[in-house]
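**Student:** run-v4.cif (mmCIF, C-alpha atoms and all ligand atoms) pasted underneath:
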data_my_file
#
loop_
_atom_site.label_atom_id
_atom_site.label_comp_id
_atom_site.auth_asym_id
_atom_site.auth_seq_id
_atom_site.Cartn_x
_atom_site.Cartn_y
_atom_site.Cartn_z
CA MET A 484 11.76 0.95 -24.88
CA THR A 485 15.23 1.26 -23.42
CA SER A 486 14.76 -0.79 -20.28
CA LYS A 487 13.06 -4.02 -19.32
CA VAL A 488 12.12 -6.08 -16.34
CA LEU A 489 15.34 -6.96 -14.56
CA THR A 490 14.35 -9.47 -11.89
CA LYS A 491 15.97 -12.85 -12.58
CA TYR A 492 13.89 -15.15 -10.42
CA SER A 493 11.79 -15.18 -7.30
CA GLU A 494 10.16 -17.67 -4.99
CA VAL A 495 8.09 -17.65 -1.80
CA ARG A 496 9.80 -19.48 1.07
CA THR A 497 8.23 -20.30 4.43
CA ASP A 498 10.30 -21.17 7.49
CA LYS A 499 8.74 -24.14 9.26
CA LEU A 500 10.18 -23.11 12.65
CA THR A 501 9.02 -19.48 12.82
CA GLY A 502 6.17 -19.55 10.31
CA GLN A 503 7.66 -16.48 8.64
CA SER A 504 7.65 -16.23 4.85
CA ILE A 505 9.88 -14.35 2.46
CA ILE A 506 9.90 -13.63 -1.24
CA LEU A 507 13.42 -14.36 -2.38
CA VAL A 508 14.25 -12.19 -5.39
CA GLU A 509 17.42 -11.99 -7.42
CA GLY A 510 18.17 -8.80 -9.35
CA ARG A 511 16.32 -6.16 -7.29
CA GLU A 512 19.50 -4.89 -5.63
CA GLN A 513 20.26 -2.92 -8.80
CA ARG A 514 17.19 -0.69 -8.33
CA PRO A 515 17.98 2.95 -9.09
CA THR A 516 17.28 5.58 -6.47
CA ASP A 517 16.99 9.35 -6.48
CA LEU A 518 16.61 9.56 -2.72
CA ILE A 519 19.48 10.16 -0.33
CA ASN A 520 19.58 8.74 3.17
CA THR A 521 17.68 11.36 5.10
CA ASP A 522 14.07 12.24 4.52
CA SER A 523 13.43 15.95 4.83
CA LYS A 524 12.02 18.84 2.93
CA ASP A 525 15.55 19.66 1.71
CA ASN A 526 15.87 16.19 0.31
CA ASP A 527 12.52 16.60 -1.42
CA GLN A 528 13.84 19.73 -3.07
CA ASN A 529 17.09 18.04 -4.09
CA ALA A 530 15.13 15.19 -5.60
CA ALA A 531 12.90 17.64 -7.42
CA LEU A 532 15.92 18.59 -9.51
CA ASN A 533 15.95 15.08 -10.94
CA VAL A 534 12.85 15.46 -13.11
CA LYS A 535 14.85 14.95 -16.32
CA LYS A 536 16.20 11.61 -15.09
CA CYS A 537 13.02 10.34 -13.39
CA VAL A 538 11.53 7.38 -15.28
CA PHE A 539 8.03 8.14 -13.91
CA CYS A 540 7.97 11.71 -15.22
CA SER A 541 5.91 12.86 -18.17
CA GLY A 542 8.24 12.92 -21.21
CA ASN A 543 10.21 9.86 -20.08
CA GLU A 544 7.62 7.23 -21.03
CA ASP A 545 10.16 5.40 -23.22
CA LYS A 546 12.35 4.69 -20.18
CA THR A 547 9.81 2.34 -18.54
CA PRO A 548 8.71 -1.19 -19.47
CA LYS A 549 5.70 -1.30 -21.82
CA GLU A 550 2.73 0.57 -20.38
CA ILE A 551 -0.20 -1.56 -19.12
CA TRP A 552 -2.85 1.12 -18.62
CA ARG A 553 -3.32 4.86 -18.76
CA LYS A 554 -5.97 7.52 -18.32
CA PRO A 555 -7.21 9.19 -20.42
CA PHE A 556 -6.88 6.14 -22.71
CA ALA A 557 -6.53 8.08 -25.98
CA SER A 558 -4.07 10.68 -24.69
CA SER A 559 -0.94 11.53 -26.62
CA THR A 560 2.37 10.16 -25.38
CA GLU A 561 3.07 12.76 -22.71
CA ASN A 562 -0.47 13.87 -22.00
CA TRP A 563 -1.72 11.49 -19.29
CA GLU A 564 -3.16 11.81 -15.80
CA ILE A 565 -2.18 8.39 -14.51
CA ARG A 566 -0.18 5.44 -15.89
CA VAL A 567 0.33 1.81 -14.91
CA ILE A 568 3.57 0.02 -15.77
CA PRO A 569 5.18 -3.25 -14.70
CA ASN A 570 7.64 -2.83 -11.85
CA MET A 571 11.10 -2.88 -13.48
CA PHE A 572 12.36 -4.95 -10.55
CA PRO A 573 9.31 -7.07 -9.69
CA ALA A 574 9.21 -9.17 -6.55
CA LEU A 575 7.18 -11.70 -8.56
CA LEU A 576 6.91 -12.42 -12.29
CA ILE A 577 3.80 -13.39 -14.28
CA GLU A 578 5.61 -16.35 -15.82
CA GLY A 579 7.06 -17.56 -12.54
CA THR A 580 10.77 -18.24 -12.50
CA SER A 581 11.42 -20.24 -9.37
CA LYS A 582 14.44 -22.48 -9.45
CA SER A 583 12.19 -25.21 -8.00
CA ASP A 584 10.32 -27.08 -10.71
CA GLU A 585 7.27 -27.68 -8.59
CA LYS A 586 5.87 -27.06 -5.11
CA HIS A 587 7.94 -29.20 -2.76
CA SER A 588 9.36 -29.48 0.69
CA LEU A 589 13.04 -28.89 1.26
CA ASP A 590 14.23 -29.77 4.76
CA ASN A 591 10.65 -29.23 5.92
CA ASN A 592 10.63 -25.63 4.67
CA ARG A 593 8.10 -24.75 2.01
CA ILE A 594 8.91 -23.31 -1.42
CA ILE A 595 6.21 -22.11 -3.79
CA ASP A 596 6.89 -21.10 -7.37
CA ALA A 597 6.39 -17.38 -7.04
CA LYS A 598 4.10 -16.65 -9.95
CA GLY A 599 2.43 -13.27 -9.68
CA ALA A 600 2.58 -9.74 -11.00
CA HIS A 601 4.09 -6.55 -9.64
CA GLU A 602 2.77 -3.28 -11.05
CA VAL A 603 3.40 0.40 -10.41
CA ILE A 604 0.71 3.05 -10.67
CA VAL A 605 2.38 6.37 -11.43
CA ALA A 606 0.02 8.46 -9.34
CA THR A 607 0.51 11.81 -11.09
CA PRO A 608 2.47 13.14 -14.09
CA ASN A 609 4.00 15.80 -11.79
CA HIS A 610 7.28 14.86 -10.10
CA ASN A 611 6.96 17.52 -7.41
CA ASP A 612 3.53 16.43 -6.15
CA THR A 613 3.34 14.69 -2.80
CA PHE A 614 0.43 12.61 -1.51
CA ALA A 615 -0.44 15.68 0.57
CA THR A 616 -0.60 18.04 -2.42
CA ILE A 617 -2.51 16.02 -5.02
CA SER A 618 -6.23 16.85 -5.35
CA ASP A 619 -9.17 14.79 -4.08
CA LYS A 620 -10.05 14.23 -7.75
CA GLN A 621 -6.58 12.80 -8.53
CA MET A 622 -6.70 10.63 -5.39
CA ASP A 623 -10.09 9.31 -6.57
CA LEU A 624 -8.54 8.49 -9.95
CA ILE A 625 -5.78 6.54 -8.19
CA LEU A 626 -8.42 4.49 -6.30
CA GLU A 627 -10.38 3.90 -9.51
CA VAL A 628 -7.26 2.59 -11.28
CA ILE A 629 -6.36 0.34 -8.31
CA VAL A 630 -9.79 -1.33 -8.71
CA GLU A 631 -9.44 -1.57 -12.51
CA ARG A 632 -6.06 -3.28 -12.16
CA GLN A 633 -7.33 -5.61 -9.42
CA ASN A 634 -10.30 -6.62 -11.61
CA ASP A 635 -8.01 -7.37 -14.55
CA LEU A 636 -5.49 -9.33 -12.50
CA TYR A 637 -7.94 -11.31 -10.33
CA TYR A 638 -10.03 -12.33 -13.37
CA ASN A 639 -7.28 -12.88 -15.95
CA LEU A 640 -4.22 -14.13 -14.09
CA ALA A 641 -4.43 -17.72 -12.88
CA GLY A 642 -3.63 -18.63 -9.30
CA VAL A 643 -3.95 -15.20 -7.66
CA GLU A 644 -4.77 -15.64 -3.97
CA ASN A 645 -4.34 -12.05 -2.83
CA ILE A 646 -3.38 -8.68 -4.32
CA LYS A 647 -1.63 -6.35 -1.93
CA THR A 648 -1.68 -2.61 -2.57
CA TRP A 649 0.64 -0.15 -0.85
CA ILE A 650 2.44 3.17 -1.03
CA ASN A 651 6.05 3.68 0.02
CA TRP A 652 6.86 7.36 0.44
CA GLY A 653 10.40 8.43 1.42
CA LYS A 654 13.63 6.48 1.63
CA ALA A 655 13.10 5.51 5.29
CA ALA A 656 9.82 3.87 4.23
CA GLY A 657 11.45 1.83 1.46
CA ALA A 658 10.78 4.07 -1.57
CA SER A 659 13.58 4.11 -4.12
CA LEU A 660 12.07 6.85 -6.30
CA ARG A 661 10.60 10.13 -5.12
CA HIS A 662 7.89 10.50 -7.81
CA PRO A 663 4.54 9.57 -6.11
CA HIS A 664 3.56 6.01 -7.00
CA VAL A 665 1.46 3.09 -5.74
CA GLN A 666 2.41 -0.59 -5.97
CA LEU A 667 0.28 -3.68 -6.57
CA LEU A 668 1.61 -7.19 -5.99
CA CYS A 669 -0.37 -10.30 -6.95
CA LEU A 670 0.48 -13.18 -4.68
CA PRO A 671 0.11 -16.94 -5.22
CA VAL A 672 -0.46 -17.17 -1.44
CA ASN A 673 -2.76 -15.37 1.01
CA PRO A 674 -0.69 -13.86 3.83
CA GLU A 675 -3.84 -12.59 5.56
CA LEU A 676 -5.66 -15.89 6.14
CA ASP A 677 -5.28 -15.70 9.94
CA LEU A 678 -6.59 -12.15 9.93
CA ILE A 679 -9.62 -13.11 7.83
CA TYR A 680 -10.42 -16.13 10.04
CA ARG A 681 -10.12 -13.94 13.15
CA ALA A 682 -12.56 -11.43 11.64
CA TYR A 683 -15.02 -14.20 10.68
CA LYS A 684 -14.88 -15.81 14.13
CA PHE A 685 -15.50 -12.43 15.79
CA ASN A 686 -18.47 -11.85 13.52
CA GLU A 687 -19.99 -15.26 14.29
CA GLU A 688 -19.63 -14.76 18.05
CA ARG A 689 -20.65 -11.11 18.31
CA ARG A 690 -22.92 -10.52 15.30
CA GLU A 691 -20.96 -7.43 14.27
CA THR A 692 -17.72 -6.94 12.35
CA ILE A 693 -14.50 -6.63 14.33
CA MET A 694 -13.98 -3.39 12.38
CA ASP A 695 -17.24 -1.87 13.71
CA SER A 696 -16.27 -2.89 17.22
CA GLN A 697 -12.90 -1.15 16.73
CA ILE A 698 -14.61 2.01 15.49
CA LYS A 699 -16.92 2.12 18.55
CA LYS A 700 -14.00 1.65 20.94
CA ALA A 701 -11.92 4.33 19.17
CA ILE A 702 -14.79 6.82 19.49
CA GLU A 703 -15.10 5.98 23.22
CA ASP A 704 -11.34 6.39 23.71
CA GLU A 705 -11.20 9.66 21.72
CA LEU A 706 -8.84 8.19 19.13
CA THR A 707 -10.70 9.52 16.07
CA PHE A 708 -9.60 12.69 14.30
CA PHE A 709 -11.63 12.98 11.07
CA GLU A 710 -14.85 11.67 9.58
CA ASN A 711 -17.23 12.31 6.70
CA ASP A 712 -20.47 10.57 5.64
CA ASP A 713 -18.79 7.28 4.66
CA PHE A 714 -15.39 7.04 6.39
CA ILE A 715 -13.75 7.58 9.76
CA ALA A 716 -10.03 8.11 10.48
CA LEU A 717 -8.42 7.29 13.83
CA CYS A 718 -5.11 6.52 15.54
CA PRO A 719 -5.15 2.77 16.41
CA PHE A 720 -5.15 1.89 20.13
CA ALA A 721 -1.92 -0.11 19.62
CA SER A 722 -0.26 2.15 17.02
CA ILE A 723 3.10 0.71 15.96
CA GLN A 724 4.54 4.13 15.05
CA PRO A 725 3.88 7.73 16.20
CA TYR A 726 0.87 9.25 14.37
CA MET A 727 -0.15 5.93 12.80
CA MET A 728 -3.56 6.37 11.13
CA ARG A 729 -6.33 3.91 10.23
CA ILE A 730 -9.25 4.58 7.89
CA PHE A 731 -12.42 2.44 8.19
CA PRO A 732 -15.53 2.64 6.02
CA LYS A 733 -18.76 3.31 7.93
CA ILE A 734 -20.56 1.29 5.25
CA LEU A 735 -20.14 -2.50 4.96
CA VAL A 736 -17.64 -2.97 2.10
CA PRO A 737 -14.97 -5.71 2.10
CA SER A 738 -12.84 -4.23 -0.69
CA LEU A 739 -12.48 -1.12 -2.83
CA LYS A 740 -14.34 -2.74 -5.72
CA TYR A 741 -17.67 -2.54 -3.85
CA LEU A 742 -17.48 1.24 -3.42
CA GLU A 743 -19.91 3.32 -5.47
CA PRO A 744 -18.24 6.32 -7.15
CA ASN A 745 -19.63 8.76 -4.55
CA ASN A 746 -18.34 6.57 -1.66
CA ARG A 747 -14.98 6.25 -3.37
CA PHE A 748 -14.67 10.00 -3.63
CA MET A 749 -15.32 10.24 0.14
CA LEU A 750 -12.41 7.82 0.65
CA ALA A 751 -10.17 9.95 -1.58
CA ALA A 752 -11.09 13.00 0.51
CA THR A 753 -10.37 11.08 3.75
CA LEU A 754 -6.95 9.94 2.49
CA ASN A 755 -6.11 13.51 1.54
CA GLN A 756 -7.17 14.76 4.98
CA CYS A 757 -4.82 12.22 6.60
CA PHE A 758 -1.82 13.11 4.43
CA LYS A 759 -2.41 16.86 4.84
CA ARG A 760 -2.65 16.55 8.64
CA LEU A 761 0.58 14.55 8.77
CA GLU A 762 2.26 17.20 6.63
CA ASN A 763 0.98 19.82 9.04
CA VAL A 764 2.44 18.00 12.09
CA PHE A 765 5.89 17.43 10.58
CA ARG A 766 6.02 20.55 8.32
CA PHE A 767 6.66 18.14 5.40
CA LEU A 768 5.11 14.80 4.46
CA PRO A 769 7.18 12.33 6.53
CA PRO A 770 8.35 8.99 5.12
CA LEU A 771 5.42 6.60 5.40
CA ASN A 772 3.82 3.40 4.22
CA THR A 773 0.16 3.22 3.30
CA VAL A 774 -1.22 -0.32 3.19
CA PHE A 775 -4.60 -1.57 2.01
CA HIS A 776 -6.25 -4.52 3.77
CA GLU A 777 -9.02 -5.92 1.58
CA ILE A 778 -10.77 -9.26 1.31
CA PRO A 779 -9.43 -11.15 -1.75
CA TYR A 780 -12.04 -11.54 -4.53
CA THR A 781 -12.19 -15.31 -3.94
CA TRP A 782 -13.65 -14.61 -0.47
CA SER A 783 -16.22 -12.07 -1.52
CA ASP A 784 -19.18 -14.43 -0.88
CA SER A 785 -18.72 -13.60 2.79
CA LYS A 786 -18.67 -9.87 2.29
CA ASN A 787 -20.95 -9.07 5.23
CA LYS A 788 -18.30 -10.23 7.70
CA PHE A 789 -15.41 -7.98 6.74
CA LYS A 790 -14.73 -4.29 6.13
CA PHE A 791 -11.60 -3.22 4.28
CA TRP A 792 -9.34 -0.73 5.97
CA ILE A 793 -6.26 1.37 5.19
CA ASP A 794 -3.32 1.98 7.49
CA ILE A 795 -0.99 4.96 7.10
CA ILE A 796 2.19 4.25 9.05
CA PRO A 797 4.83 7.00 9.33
CA ALA A 798 8.35 5.53 9.27
CA ILE A 799 9.60 7.43 12.31
CA ASN A 800 11.14 4.75 14.57
CA LYS A 801 13.52 2.44 12.76
CA LEU A 802 12.51 -1.18 13.15
CA ALA A 803 15.49 -3.03 14.59
CA GLY A 804 16.60 -5.80 16.97
CA PHE A 805 13.64 -5.76 19.36
CA GLU A 806 11.06 -5.94 16.57
CA LEU A 807 13.04 -8.68 14.81
CA ALA A 808 13.49 -10.55 18.11
CA THR A 809 9.72 -10.61 18.58
CA GLY A 810 8.98 -11.73 15.03
CA TYR A 811 7.52 -8.29 14.25
CA SER A 812 4.74 -9.01 16.78
CA TYR A 813 5.81 -6.24 19.17
CA PHE A 814 6.87 -2.64 18.49
CA ILE A 815 8.07 0.21 20.67
CA ASN A 816 6.10 3.45 20.26
CA SER A 817 6.69 6.52 22.41
CA LYS A 818 3.72 8.62 21.21
CA PRO A 819 0.42 7.83 22.96
CA PRO A 820 -2.21 7.44 20.21
CA ASP A 821 -4.80 9.53 22.12
CA LYS A 822 -2.35 12.47 22.20
CA ALA A 823 -1.54 12.02 18.49
CA ALA A 824 -5.29 11.90 17.70
CA LYS A 825 -5.94 15.07 19.71
CA GLU A 826 -3.19 16.93 17.81
CA LEU A 827 -4.47 15.67 14.46
CA ARG A 828 -8.09 16.52 15.36
CA GLU A 829 -7.23 20.11 16.14
CA ILE A 830 -5.56 20.76 12.78
CA LYS A 831 -7.84 22.70 10.46
CA ILE A 832 -7.39 21.85 6.78
ZN ZN B 901 9.33 12.12 -11.75
#
Kindly transcribe the structure held in the file into structure tokens.

**Tutor:**
Amino acid sequence: MTSKVLTKYSEVRTDKLTGQSIILVEGREQRPTDLINTDSKDNDQNAALNVKKCVFCSGNEDKTPKEIWRKPFASSTENWEIRVIPNMFPALLIEGTSKSDEKHSLDNNRIIDAKGAHEVIVATPNHNDTFATISDKQMDLILEVIVERQNDLYYNLAGVENIKTWINWGKAAGASLRHPHVQLLCLPVNPELDLIYRAYKFNEERRETIMDSQIKKAIEDELTFFENDDFIALCPFASIQPYMMRIFPKILVPSLKYLEPNNRFMLAATLNQCFKRLENVFRFLPPLNTVFHEIPYTWSDSKNKFKFWIDIIPAINKLAGFELATGYSYFINSKPPDKAAKELREIKI
């Protein structure tokens, strides 16, 4: 192993005035990048020349921290379909390295020792794949490994309150490396408590999930653009970016772990449909973030009140002063979601 985890310390800080929280991390600014400032097909092709240097590529396994997981398990060094490694620049460390010795208040602001884990799923051995070109079968494998890692971390790492899963694709969406990858971050806090309480309250008052109510409204408003037996994809009524997409299960499942293999494959196919349609609109897969909203395992006793969902958010408009000034509660979007949905619906894949 020629490299190791380089984060020095991290802690979660909450501002008492605004309620906003940050993870303060020292050491991440040295992250390597193979992406230049613009995201375009040309840039993709430039980056494709960097296969020899890319730490996620098959053949470069010795350049990453020690592997956590791989499939197939017994494969030879370079012969794998998917790998999981620790993030070399984790936002949080398993050991916890906060400068604060214990949870305490400092000038009324809250600091929590940021124990956690930050892992990277290398989604494919092929550097030149994009999320729009990988197969349904490979996408299904990615989902399977996300669940396997969540199971391991929720059950074996103490103090995990939530595990967030996301994809950054393209420099404008925060990716530092081009090779397709997924990130998992275990948090000692639950940033989605308000969202979960809102969903529970809705369910108690209306006897249906807020997610089902959103699906019905989207169908009425012609905001949907793809569906199969188990999933439906739509452009949210208040999309924060042009062509923002949301995937809901039709079945009542609060997190990926409750999906049967056949349902999970339907989700893989739905994700692929979304990425392929975006690629069709832009003529290349635009920079985007894909974020998973699931109920943490500790809340799974109330699984009939919550459906997980996935947002795919193209990074088209740069978030700037207005969004900051409104505490990221308001966004400016110039593409009406019904028009985006109509365009996406008409694409034949
Ligand atoms: Zn690569």

**Student:** As a quick test: using all atoms listed in the file, which residues lie no more than 6 Å away from ligand ZN 901 (chain B)? Give them as a list in words.

**Tutor:** Val534, Cys537, Phe539, Cys540, His610 and His662 of chain A

**Student:** Distance CA of Met622 (chain A)-CA of Arg566 (chain A), one decimal place?

**Tutor:**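 Atom-to-atom, CA of Met622 (chain A) and CA of Arg566 (chain A) are spaced 13.4 Å apart.
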
**Student:** Between CA of Arg828 (chain A) and CA of Pro725 (chain A), what is the spacing in Å?

**Tutor:** 14.9 Å

**Student:** Set up a box along x, y and z of the file covering all listed atoms of region 794-805 of chain A, add 3 Å on every one of the six sides, and write the centre and edge lengths in Å to one decimal, as lines of an AutoDock Vina configuration file.

**Tutor:**
center_x = 6.6
center_y = 0.8
center_z = 13.2
size_x = 25.9
size_y = 19.2
size_z = 18.3

**Student:** Where does region 661-740 of chain A meet region 771-792 of chain A within 6 Å, residue by residue, with the nearest atom pair and distance in Å to one decimal for each, counting all atoms listed in the file, listed by chain and rising number, as a Markdown table?

**Tutor:**
| residue | atom | partner | partner_atom | distance |
| --- | --- | --- | --- | --- |
| A:Tyr683 | CA | A:Lys788 | CA | 5.9 |
| A:Thr692 | CA | A:Lys788 | CA | 5.7 |
| A:Ile730 | CA | A:Trp792 | CA | 5.6 |
| A:Phe731 | CA | A:Trp792 | CA | 4.9 |
| A:Leu735 | CA | A:Lys790 | CA | 5.8 |
| A:Val736 | CA | A:Lys790 | CA | 5.1 |
| A:Pro737 | CA | A:Lys790 | CA | 4.3 |
| A:Ser738 | CA | A:Glu777 | CA | 4.8 |

**Student:** With only C-alpha atoms as the counted atoms, please give the residues lying no more than 8 Å from region 759-768 of chain A, apart from itself and same-chain residues fewer than 6 positions off, as a PyMOL selection string.

**Tutor:** chain A and resi 523-524+613-616+726+827+830+832

**Student:** Neighbours of Cys669 (chain A) within 7 Å (only C-alpha atoms; same-chain residues fewer than 4 positions away dropped), as a compact mmCIF listing (two decimals) with C-alpha atoms, keeping the file's coordinate frame?

**Tutor:**
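As a result, around.txt now contains:
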# COMPACT_ATOMS: atom_id res chain seq x y z
CA GLY A 599 2.43 -13.27 -9.68
CA ALA A 600 2.58 -9.74 -11.00
CA HIS A 601 4.09 -6.55 -9.64
CA VAL A 643 -3.95 -15.20 -7.66
CA ASN A 645 -4.34 -12.05 -2.83
CA ILE A 646 -3.38 -8.68 -4.32
CA LYS A 647 -1.63 -6.35 -1.93

**Student:** Which residue out of A:Ile702, A:Asp612, A:Glu691, A:Glu644 has the minimum interatomic distance to Leu676 (chain A) when all atoms listed in the file are used?

**Tutor:**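 Nearest candidate to Leu676 (chain A) out of A:Ile702, A:Asp612, A:Glu691, A:Glu644: A:Glu644.
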